[in-house]
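Visitor: Before anything else, here's the structure in question.
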Amino acid sequence: MSETYLGYSGELAKVLRELGVGVGDRVRVVKPDGSVYEGLLMPRYALSSRPIIVLKLDNGYNIGVRYEPGTRIELVEKRRVVVGGRVTVPLLEESPPPGPKPRVYIIGAGGTIASKIEYETGAVRAAMSPEEIVEAVPEIAFVADVGAGVLFNILSENMTPEHWEKIVDEVAKKIEAGYDGIVVTHGTDTMAYTAAALAFALRGLPVPVVLVGAQRSSDRPSSDAAFNLHAAVLTAARAPFAEVVVVMHGETGDTYALAHRGVKVRKMHTSRRDAFQSINALPLAKIWPSEGRIEVIDNSFRKRGEEELRVENGFERRVALVKYYPGMSSEIIDFLVDRGYRGIVLEGTGLGHVGEWLVDSIRRAVEEGVVVVMTSQCLFGRVNMNVYTTGRKLLAAGVIPGEDMLPEVAFVKLSWVLAHTSSPEEAKKLMLTNLAGEINPRHTVNLYPRWPHEG
Amino acid sequence: MPLSPKASLEGIDFRKLGLKVGLEIHQQLATRHKLFCSCPVELVEEGPEDVFPRRLRPTRSEIGEVDVAALFEWRKGRVYEYHAPRAASCLVEADEEPPHEINREALVIALAVAKALHAKPVDEVHVMRKIVIDGSNTTGFQRTAIVALGGYVTLSSGKRVGIQTICVEEDAARKIGEEGVRVKYKLDRLGIPLIEVSTAPDLETPEEAQEAAYLIGQLFRLTGRVRRGIGTIRQDLNVSIKGGAKVEIKGVQRLDLIAKVVAYEALRQYRLLQIRDELRSRGVKPEDLDNVEIVDVTDVFRGTKSRVIRRALSRGGRVLAVKLPGFHGILGVEVQPGRRFGTELADYARFWGGVGGLFHTDELPAYGITSEEVEKLYEKLGARKGWDAIVIVADEERKARKALEAVVERAKQALIGVPRETRAALEDGTTRYMRPQPGAARMYPETDIPPFEITEDVLKEAEALVPEPPEKKLEKLKSYGLSDELAQQVLRDIHLDLIEKLIEEFRGRVPATLIASTFTNILRSLRHEGVDVEAIPEHAYRELFSMIAEGRLAKDAIPDVLKFLAENPGSNVSEAIEKLGLGGVSLEEVEREVEKILDQLEGELREKGERIFGKVMGRVMAKYRGRVEGRVVAEIVKRRIRERLEKLGVGKR
């Protein structure tokens with residue numbers, strides 16, 4: 001494997017490195033047939049080993065020029081860096097009215113809520129200082145006095161329980177510093193896991209903690225980032241509830257956002273703005289950012305300022321979330337037990353089943369002190385293991401029925417529970433206790449969405 | 001030389017003016033699906049749709065720049081209401097799903113055009129995002145990519161006009177309405193593949209511009225893979241004269257308008273330079289406009305008879321005025337026929353202030369504004385009659401102020417020359433201010449779409465589509481039996497590829513001349529009558545000619561049938577025949593009728609033999625004219641006569 005240079009590999013990487021050219025330098029490429037291309041050298045984003053040089057032409061377009069034997073590359077001019085003061089035209093003409101406003105702190109934990117494009121190279125840079133955020137989304141300054149800081153900036157798929165713990169500590173610090181609400185910017189893929197983690201670790205929450213992200217990156221005019229952030233800050237500043245919530249688009253249009261309880265929310269679409277939906281529960285509120293209005297939907301929430309924060313941070317790493325599939329081998333359960341896993345959340349079929357050939361392995365797991373929780377792949381509805389034989393066998397083997405908890409939420413909860421108790425008995429009790437609204441004992445008919453079935 | 005108030009093309013020598021024109025010609029491609037998704041390439045008028053509102057925020061560059069026009073739209077609170085027909089749009093157009101890989105078919109067609117224009121394909125196609133500010137793209141940018149560079153097209157004079165770039169790009173959503181801050185767009189057109197050919201600014205007369213546009217458009221049609229009809233081809237023009245500025249003119253939909261638009265733009269720039277010279281000779285300087293005051297003159301119009309002003313006042317508006325020092329008479333000067341310098345100012349007031357329009361002293365007293373009111377205006381603004389001009393706007397105070405600020409800004413430009421701006425082409429060939437030209441090209445890579453390498457395989461595929469040169473095509477058309485004149489007409493017809501397909505398909509059954517002239521003559525005269533012939537679908541022509549081939553429809557009936565089809569979208573030829581009373585005649589019925597007549601004429605038949613043909617034909621046709629082809633009736637009559645004569649034993653002598 002040869003090293004890459006600006007995303008280029010092989011011979012081309014070598015030539016470019018030897019020439020000492022960097023991104024944005026003006027180069028001339030002369031092909032063996034005499035054709036000449038001149039433009040700014042661009043990095044190669046595509047993970048492709050094809051020997052093709054990417055140039056930005058003077059008309060702004062990028063093209064790829066094949067580097068074939070006999071092709072000559074010349075450096076014409078090093079990149080000219082524009083120096084001089086930034087001229088920043090404010091987006092809004094009006095300034096926020098003076099007077100005290102709620103204080104909201106924005107914690108950057110990934111997801112680019114604000115960014116700037118370097119048109120010359122196409123590079124997108126995340127902007128995360130309070131000044132930059134207010135510059136990008138000036139509307140929030142009308143709602144709150146905003147503080148902000150970056151905790152870390154990682155892709156949401158790279159998030160681990162360690163990151164949850166860091167966020168918990170940071171949120172706690174800012175709540176103790178007297179902020180009226182906290183916003184956490186986060187990549188959307190695993191946002192719901194983090195939301196659940198915060199909901200369990202931050203006991204006695206006195207203010208709202210709002211997770212927010214974007215489904216369209218913030219470098220584009222149609223990004224949902226600003227709308228979502230505006231709604232999130234509004235929620236953090238003024239919502240009557242003190243809960244961990246996810247605030248994202250409520251529908252495809254830029255109309256309202258929804259505040260979903262962090263332990264009842266799931267990303268249900270790969271790409272839509274309204275990907276986040278409450279499952280087995282109603283959202284807590286509708287947020288209309290342009291009107292500055294919060295419309296409460298579900299009144300059964302913990303009220304702002306009623307309790308005192310108790311942080312119970314920490315998540316057990318030896319917990320697994322296992323999705324059952326037809327024909328699954330019992331070796332998978334055995335492996336986890338042998339490796340010292342302390343908890344297994346099963347994502348079973350229907351009311352909470354797995355192939356009956358797994359029952360022996362599961363019984364052995366429980367006997368060895370592993371806590372096993374059953375959830376359903378159906379997502380909607382409640383686990384009930386009394387109805388069919390296999391369910392009863394699993395119960396007898398010691399499996400804990402996970403009620404209507406989402407598999408991911410049960411996984412986060414078990415990770416948290418096992419970090420705070422060594423007793424499987426105690427763990428079982430906690431798993432069956434509604435700690436943060438993760439269990440909804442009443443499912444009314446309207447909680448199940450109607451899927452389209454007419455053309 | 002005094003500045004004449006009228007603008008006229010008389011005596012204008014475009015070469016002397018240093019006219020330079022570049023073209024950007026956009027043509028929709030007839031691919032199986034759109035450029036970045038699997039939706040069909042078609043516009044729909046009916047069927048279920050989803051509607052949702054969105055806003056677009058101006059993006060900021062690394063050094064803090066924001067596109068002024070984008071910012072302006074956003075501050076106005078612009079809301080875009082998107083209508084997403086389910087038959088012709090999906091989550092990709094709704095900006096709810098990343099784009100799919102680029103449509104290979106579109107690239108192949110573009111490469112074929114590139115080859116015909118002697119352009120050089122790039123080795124790898126990179127899709128870019130070009131910021132577009134008007135909401136016509138749900139993303140806020142248009143996806144566009146260079147496919148080939150260089151090349152040329154040769155005019156009839158032998159002059160070579162350079163080609164700069166050949167791109168494929170996505171078409172924009174189509175605007176279907178506007179209400180206040182809400183602009184409505186339909187998403188069916190969004191994402192339809194376009195080929196864009198940009199020429200160098202080598203064109204030096206309006207006629208050259210028109211010919212180049214014609215030649216490039218013809219080349220597109222010769223591939224046989226482009227869409228037809230109004231709006232499927234659009235020309236943008238870049239026009240400048242010596243001392244003027246490169247002005248972008250958007251959306252010329254009719255080819256025959258190009259020469260006129262170019263000529264009028266050259267004229268406008270020339271007139272603006274004359275205006276500048278006149279102002280300079282009066283000693284007016286840009287600084288004179290630096291500190292002009294916008295004055296509230298509502299008092300002057302308390303009892304006005306002007307309806308426009310009264311309406312504005314009754315809604316709580318104000319009348320604001322500004323003095324343009326030394327501009328007396330200038331606002332009444334025409335820059336294009338029917339468009340005065342005052343009209344240019346009004347365009348700015350409308351765009352930047354969102355007001356309905358303005359009044360200026362070069363046109364007053366009029367519109368219910370009296371000379372006393374004008375006198376008072378001059379007095380109130382401390383303006384000199386016969387030297388200064390005054391512009392007034394009646395509207396909400398904030399809007400009126402913005403409008404007048406824009407007027408002053410535009411007036412200041414008049415002392416410098418021709419402002420760089422983007423203008424929209426109007427039906428009569430004149431143009432109107434649309435928006436300022438975007439600053440540095442706001443283009444950045446579309447990272448959601450992998451680059452596409454142009455391999456030998458792709459080039460080979462394109463080879464098969466390279467259009468034949470027009471001369472060759474003409475020979476081919478003549479070989480079908482078309483006259484030179486008709487073949488020439490077909491070559492120019494937008495239905496060229498369809499005509500050829502139909503001629504091939506109905507070879508030996510329907511004469512090529514009939515098929516060709518259906519398009520070149522019948523369709524043209526229907527269009528002149530105002531019939532929307534674009535509404536006739538391709539398969540209707542096929543049905544029409546098979547009916548003719550089978551003798552179920554007479555060719556005289558073609559105009560009526562086509563008219564019916566155009567006026568009743570979704571109908572078919574059989575329906576047309578029935579509704580127009582042209583049909584209902586089966587061959588069996590004709591046979592029976594012939595038999596009946598022959599029965600009646602039996603005596604005569606014995607006597608005259610085959611010479612009775614004319615009489616029988618006459619009677620049958622009197623009954624069925626227009627409903628059945630004479631040729632078919634003649635065959636039946638001949639056969640029946642022969643049969644009877646044989647039976648009677650008098651057939652053969």
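Identifiers in this document derive from the order of the structure tokens: chains are assigned A, B, ..., residues are numbered from 1 separately in each chain, and ligands are numbered from 1 in order of occurrence.
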Return the neighbours of chain A among the residues of chain B, cut-off 6 Å, counting only C-alpha atoms, as a list in words.
Guide: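 Filtering chain B at 6 Å from chain A with only C-alpha atoms gives Phe52, Pro53, Arg54, Leu56, Arg57, Pro58, Thr59, Arg60, Ser61, Glu62, Ile63, Gly64, Glu96, Glu97, Asp123, Glu124, Val125, His126, Thr139, Gly140, Met443, Tyr444 and Pro445 of chain B.
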Visitor: Among segment 83-121 of chain B, which ones does DSSP assign to alpha helix (DSSP H) (computed from the backbone)? Answer as an MDAnalysis selection string.
Guide: chainID B and resid 104:116
Visitor: Would you list the contacts of segment 441-451 of chain A as a list in words, taking every protein, DNA or RNA residue within 9 Å and counting only C-alpha atoms, but skipping same-chain residues closer than 2 positions in sequence?
Guide: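 Residues near the query, excluding close chain neighbours: Ile279, Asn280, Ala281, Leu282, Phe380, Gly381, Arg382, Glu403, Asp404, Ile439 and His453 of chain A.
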Visitor: Quick one: of B:Lys579, B:Arg592, B:Arg318, B:Arg611, who's nearest to Ala400 of chain B, counting only C-alpha atoms?
Guide: B:Arg318
Visitor: Near Val637 of chain B, counting only C-alpha atoms, which residues have an atom at most 12 Å away, once you skip same-chain residues fewer than 3 positions from it, shown as an MDAnalysis selection string?
Guide: chainID B and resid 587 590:598 610:621 630:634 640:644
Visitor: Run DSSP on the backbone and grab whatever in segment 138-276 of chain A lands in strand (DSSP E or B); send it over as an mmCIF file with C-alpha atoms, in the first residue's frame.
Guide:
```
data_model
loop_
_atom_site.group_PDB
_atom_site.id
_atom_site.type_symbol
_atom_site.label_atom_id
_atom_site.label_comp_id
_atom_site.auth_asym_id
_atom_site.auth_seq_id
_atom_site.Cartn_x
_atom_site.Cartn_y
_atom_site.Cartn_z
ATOM 1 C CA ASP A 145 -28.512 34.671 25.672
ATOM 2 C CA VAL A 146 -26.414 31.990 24.139
ATOM 3 C CA GLY A 147 -23.189 30.445 25.342
ATOM 4 C CA ALA A 148 -21.495 27.716 23.327
ATOM 5 C CA GLY A 149 -18.483 25.486 23.159
ATOM 6 C CA VAL A 150 -17.237 22.416 21.337
ATOM 7 C CA GLY A 181 -31.589 25.061 29.272
ATOM 8 C CA ILE A 182 -28.970 23.030 27.447
ATOM 9 C CA VAL A 183 -28.720 22.252 23.736
ATOM 10 C CA VAL A 184 -26.480 19.449 22.511
ATOM 11 C CA THR A 185 -25.677 19.372 18.791
ATOM 12 C CA LEU A 202 -29.200 12.931 34.666
ATOM 13 C CA ARG A 203 -31.537 12.181 37.584
ATOM 14 C CA VAL A 209 -31.759 19.188 27.730
ATOM 15 C CA VAL A 210 -32.300 19.305 23.977
ATOM 16 C CA LEU A 211 -30.482 17.219 21.400
ATOM 17 C CA VAL A 212 -30.520 18.621 17.905
ATOM 18 C CA PHE A 241 -40.745 20.534 30.838
ATOM 19 C CA VAL A 244 -34.135 15.162 27.761
ATOM 20 C CA VAL A 245 -35.693 15.666 24.341
ATOM 21 C CA VAL A 246 -34.787 15.427 20.685
ATOM 22 C CA VAL A 247 -35.961 18.440 18.673
ATOM 23 C CA MET A 248 -36.075 18.001 14.905
ATOM 24 C CA HIS A 249 -38.358 18.783 11.948
ATOM 25 C CA ALA A 257 -40.470 20.949 14.924
ATOM 26 C CA LEU A 258 -41.345 18.215 17.402
ATOM 27 C CA ALA A 259 -39.843 17.705 20.848
ATOM 28 C CA HIS A 260 -39.639 13.941 21.346
ATOM 29 C CA ARG A 261 -38.957 12.400 24.726
ATOM 30 C CA VAL A 265 -37.639 8.531 19.989
ATOM 31 C CA ARG A 266 -36.147 6.740 17.033
ATOM 32 C CA LYS A 267 -34.620 7.727 13.690
ATOM 33 C CA PHE A 276 -37.222 11.323 14.094
#
```
Visitor: List as number ranges by chain the protein and nucleic acid residues near segment 312-314 of chain B, meaning an atom at most 10 Å away when only C-alpha atoms are counted, but skip any in the same chain fewer than 5 places from it.
Guide: B: 298, 301-302, 307, 319, 393-396
Visitor: Grab the residues selected above and save them as a PDB file, in the first residue's frame with N, CA and C atoms.
Guide:
```pdb
ATOM      1  N   THR B 298     -46.087  63.317   1.904  1.00  0.00           N
ATOM      2  CA  THR B 298     -47.484  62.901   2.035  1.00  0.00           C
ATOM      3  C   THR B 298     -48.433  64.114   2.061  1.00  0.00           C
ATOM      4  N   PHE B 301     -50.024  65.471  -1.031  1.00  0.00           N
ATOM      5  CA  PHE B 301     -51.037  64.665  -1.717  1.00  0.00           C
ATOM      6  C   PHE B 301     -52.266  64.377  -0.852  1.00  0.00           C
ATOM      7  N   ARG B 302     -52.477  65.196   0.182  1.00  0.00           N
ATOM      8  CA  ARG B 302     -53.622  64.962   1.069  1.00  0.00           C
ATOM      9  C   ARG B 302     -54.938  64.860   0.306  1.00  0.00           C
ATOM     10  N   ARG B 307     -55.487  57.971  -8.046  1.00  0.00           N
ATOM     11  CA  ARG B 307     -56.068  56.795  -7.386  1.00  0.00           C
ATOM     12  C   ARG B 307     -55.002  55.928  -6.732  1.00  0.00           C
ATOM     13  N   VAL B 319     -46.171  58.940   1.137  1.00  0.00           N
ATOM     14  CA  VAL B 319     -45.583  59.263  -0.157  1.00  0.00           C
ATOM     15  C   VAL B 319     -44.193  59.808   0.111  1.00  0.00           C
ATOM     16  N   VAL B 393     -42.707  57.683  -4.649  1.00  0.00           N
ATOM     17  CA  VAL B 393     -43.258  56.338  -4.449  1.00  0.00           C
ATOM     18  C   VAL B 393     -44.264  56.422  -3.310  1.00  0.00           C
ATOM     19  N   ALA B 394     -45.446  55.843  -3.523  1.00  0.00           N
ATOM     20  CA  ALA B 394     -46.466  55.816  -2.477  1.00  0.00           C
ATOM     21  C   ALA B 394     -46.669  54.381  -2.043  1.00  0.00           C
ATOM     22  N   ASP B 395     -46.300  54.096  -0.799  1.00  0.00           N
ATOM     23  CA  ASP B 395     -46.436  52.718  -0.289  1.00  0.00           C
ATOM     24  C   ASP B 395     -46.156  52.736   1.203  1.00  0.00           C
ATOM     25  N   GLU B 396     -46.107  51.570   1.803  1.00  0.00           N
ATOM     26  CA  GLU B 396     -45.664  51.428   3.187  1.00  0.00           C
ATOM     27  C   GLU B 396     -44.333  52.152   3.304  1.00  0.00           C
TER      28      GLU B 396
END
```
Visitor: Go through A:Ala285, A:Ala192, A:Ala199, A:Ile175 one by one, measure the shortest atom-to-atom distance of each to Ala231 of chain A using only C-alpha atoms, and give the residue with the smallest value.
Guide: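 That would be A:Ala285, the residue with the smallest distance to Ala231 of chain A.
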Visitor: If you count only C-alpha atoms, which residues fall within 10 Å of Glu408 of chain A, apart from same-chain ones fewer than 2 positions away, as a ChimeraX atom specification?
Guide: /A:190,192-193,196,263-266,321,345,347,375,405-406,410-414
Visitor: Nearest residue to Ser38 of chain B out of B:Met128, B:Leu377, B:Pro193, B:Val181, using only C-alpha atoms?
Guide: B:Pro193
